[in-house]
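To start, the structure itself, in structure tokens.
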Amino acid sequence: MKRLFDITVKYARFNSSQTVILKEPSLALARKPSTRAVPYSRTTRAEAFKALYAIASFCLALFVLVNRSNAGEKPKIEEGTKQINGVALYYKTIGEGEPIVILHGGPGLDHSYFLPQMERLAKSYKLIFFDQRASGRSSAPKDSTGMTLDHFIADIDGVRQAFGLEKMHLMAHSWGGLLAMNYALKHSAHLKSLILVNSVSANSADRALADKNLQSRYTRQDSLDRAQVMQRPAFQMRDSKALAEFFKIVFRPAFYDRKFAKQLTLAFQPDYVKKSAMLQYLSKDLATYNLHAQLATLKVSALIIHGEADPLPVEAAAQLHESLKGSEFVLLKYCGHFPFIEAPQDFVVNVKSFLNRLPE
């Protein structure tokens, strides 16, 4: 793809290693060792045991204290379903504090793949996940008339209202980014901020290149592994574990470091095949679109995070940044389509930094 514009990109990569550097030698270490003999006595040995016992007791007390503290830090979790626009939408909230509504990718996946990595944000915010209609633990509409892009967008606003939020932070990943952009165009008055994480392009014309890049990364071993899983009776019965194993192979090329694909938490319900068949009715709404001109009219605080190794080229994310006036763009190096898995610390630091700088 020809680069049509120049843009300054903020590279965010933080060193998470904890290295202690001694700039000057300690005076205690610099002294010459004493050559004076210390007489060994029962008193010395008794005192030594007493000191060791005191140290051991202190360490044990500290261990108990730390573990109690960690147990207290476990984020609060709530889950259930809410009846919204004729379907039962499954939700899970983690943590307490300022709410962030989070949209998963797909279509057809559910919120599970955000976890446990996204729980790092739950230490400071209340994360509101929900499975989109006909996905995960949420129900599907009765017929195809309920499977339009407008219904998905209306569900987002329904979730906002169900949780009593006048305005909300909206975070979206991959396919969820397209939903979030469309939501922003219709309901910007209800947004505090918009966070797009490795979003699909705002222009459907970029889809073919992203697909081509993804396909070019598959290896012969990927093909062999896929074929092996597909031959198993469990996969042919659409067993949830077999499906998860299959899709972890499918997503390998979406990572900068392929070993991270094993960390994907993928969950498939028994009715996955039946519900996912309804997603085909979305195709007419997704055939052709270009939101850039409309996005340029938006006035919303936005953060765009993109992994440099995502199959969707950086240029597409940069163009989205250009369209969303005043948005911030963070490009994560050594990272693909799932930055919260490949670079969780960098991801959380950038999200929190953005949210902390928003006006009250």
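By convention in this document, the chains of the structure tokens carry letters A, B, ... by their order, each chain's residues are numbered from 1, and ligands are numbered from 1 in the order they are shown.
DSSP annotation of region 219-332 of chain A from backbone atoms: strand (DSSP E) residues are A:Ala302, A:Leu303, A:Ile304, A:Ile305, A:His306, A:Gly307, A:Glu328, A:Phe329, A:Val330, A:Leu331, A:Leu332.
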Each residue of region 176-284 of chain A lying at most 8 Å from region 132-137 of chain A should get a row with its shortest atom-to-atom pair and the distance in Å to one decimal, counting only C-alpha atoms; could you produce that, ordered by chain and increasing number, as JSON lines?
{"residue": "A:Ala267", "atom": "CA", "partner": "A:Gly136", "partner_atom": "CA", "distance": 7.5}
{"residue": "A:Phe268", "atom": "CA", "partner": "A:Gly136", "partner_atom": "CA", "distance": 6.5}
{"residue": "A:Gln269", "atom": "CA", "partner": "A:Gly136", "partner_atom": "CA", "distance": 6.2}
{"residue": "A:Tyr272", "atom": "CA", "partner": "A:Gly136", "partner_atom": "CA", "distance": 7.3}
{"residue": "A:Lys275", "atom": "CA", "partner": "A:Ala134", "partner_atom": "CA", "distance": 5.1}
{"residue": "A:Ser276", "atom": "CA", "partner": "A:Ala134", "partner_atom": "CA", "distance": 6.5}
{"residue": "A:Met278", "atom": "CA", "partner": "A:Ala134", "partner_atom": "CA", "distance": 7.2}
{"residue": "A:Leu279", "atom": "CA", "partner": "A:Ala134", "partner_atom": "CA", "distance": 7.5}
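The two atoms in question, CA of Gln228 (chain A) and CA of Asp310 (chain A), are spaced 26.5 Å apart.
The residue set within 8 Å of Ala261 (chain A), counting only C-alpha atoms and dropping same-chain residues fewer than 2 places from it, reads Lys248, Ile249, Phe251, Arg252, Phe255, Arg258, Lys259, Gln263 and Leu264 of chain A.
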To one decimal place in Å, what is the distance between CA of Met237 (chain A) and CA of Val250 (chain A)?
18.6 Å
Which of region 246-342 of chain A DSSP labels helix (DSSP H, G or I), written as a PyMOL selection string:
chain A and resi 246-250+252-254+258-263+272-286+292-295+314-323+339-342
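Within the 9 Å cut-off around Pro313 (chain A), using only C-alpha atoms and omitting residues fewer than 2 positions from it on the same chain, the listed residues are Met1, Asp206, Leu209, Ala210, Asn213, Glu308, Ala309, Asp310, Pro311, Glu315, Ala316 and Ala317 of chain A.
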Take the residues from that selection and write them out as a JSON list (two decimals), in the first residue's frame, keeping C-alpha atoms.
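As written to disk, selection34.json reads:
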[["chain", "number", "residue", "atom", "x", "y", "z"],
["A", 1, "MET", "CA", 0.00, 0.00, 0.00],
["A", 206, "ASP", "CA", -8.86, -2.19, 3.29],
["A", 209, "LEU", "CA", -5.37, -6.34, 1.99],
["A", 210, "ALA", "CA", -5.70, -7.34, 5.64],
["A", 213, "ASN", "CA", -1.58, -10.30, 4.69],
["A", 308, "GLU", "CA", 2.71, -2.85, 14.34],
["A", 309, "ALA", "CA", 2.49, -6.48, 13.18],
["A", 310, "ASP", "CA", -1.30, -6.52, 12.77],
["A", 311, "PRO", "CA", -2.39, -7.90, 9.38],
["A", 315, "GLU", "CA", -1.46, 3.10, 7.34],
["A", 316, "ALA", "CA", -5.12, 2.18, 7.88],
["A", 317, "ALA", "CA", -4.88, 2.90, 11.61]]
I'd like to know which of A:Gln231, A:Asn182, A:Thr145, A:Thr265 is closest to Ile341 (chain A), using only C-alpha atoms.
A:Thr265
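Closest approach to Leu282 (chain A) from the set A:Asp239, A:Asp150, A:Asp110, A:Asp222 is made by A:Asp150, with distances taken over only C-alpha atoms.
Of the residues listed (A:Leu121, A:Leu165, A:Leu286, A:Leu179), A:Leu121 shows the shortest atom-to-atom separation from Val351 (chain A); distances use only C-alpha atoms.
Remark: for Ala208 (chain A), the closest of the candidate residues A:Leu320, A:Ala343, A:Ile304, A:Ala287 is A:Ala287 (distances computed over only C-alpha atoms).
Take CA of Asn356 (chain A) and CA of Lys167 (chain A): the distance between them is 16.4 Å.
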From the list A:Lys192, A:His169, A:His104, A:Lys92, which residue is nearest Phe152 (chain A) when using only C-alpha atoms?
A:His104
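If you count only C-alpha atoms and ignore residues fewer than 6 places along the chain from Leu170 (chain A), what sits within 10 Å of it is Pro99, Ile100, Val101, Ile102, Leu103, Ile128, Ile156, Arg160, Gly177, Ala180, Met181, Tyr183, Ala184, His190, Leu191, Lys192, Ser193, Leu194, Ile195, Leu196 and Ala302 of chain A.
With distances restricted to only C-alpha atoms, A:Glu166 is the closest residue to Ser188 (chain A) from A:Leu224, A:Ala277, A:Asp346, A:Glu166.
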With a distance cut-off of 12 Å and only C-alpha atoms, select the neighbouring residues of Gln83 (chain A), excluding the residue or stretch itself and same-chain residues fewer than 5 positions from it, and output the selection as an MDAnalysis selection string.
chainID A and resid 88:91 133 138:141 155 158:159 161:162
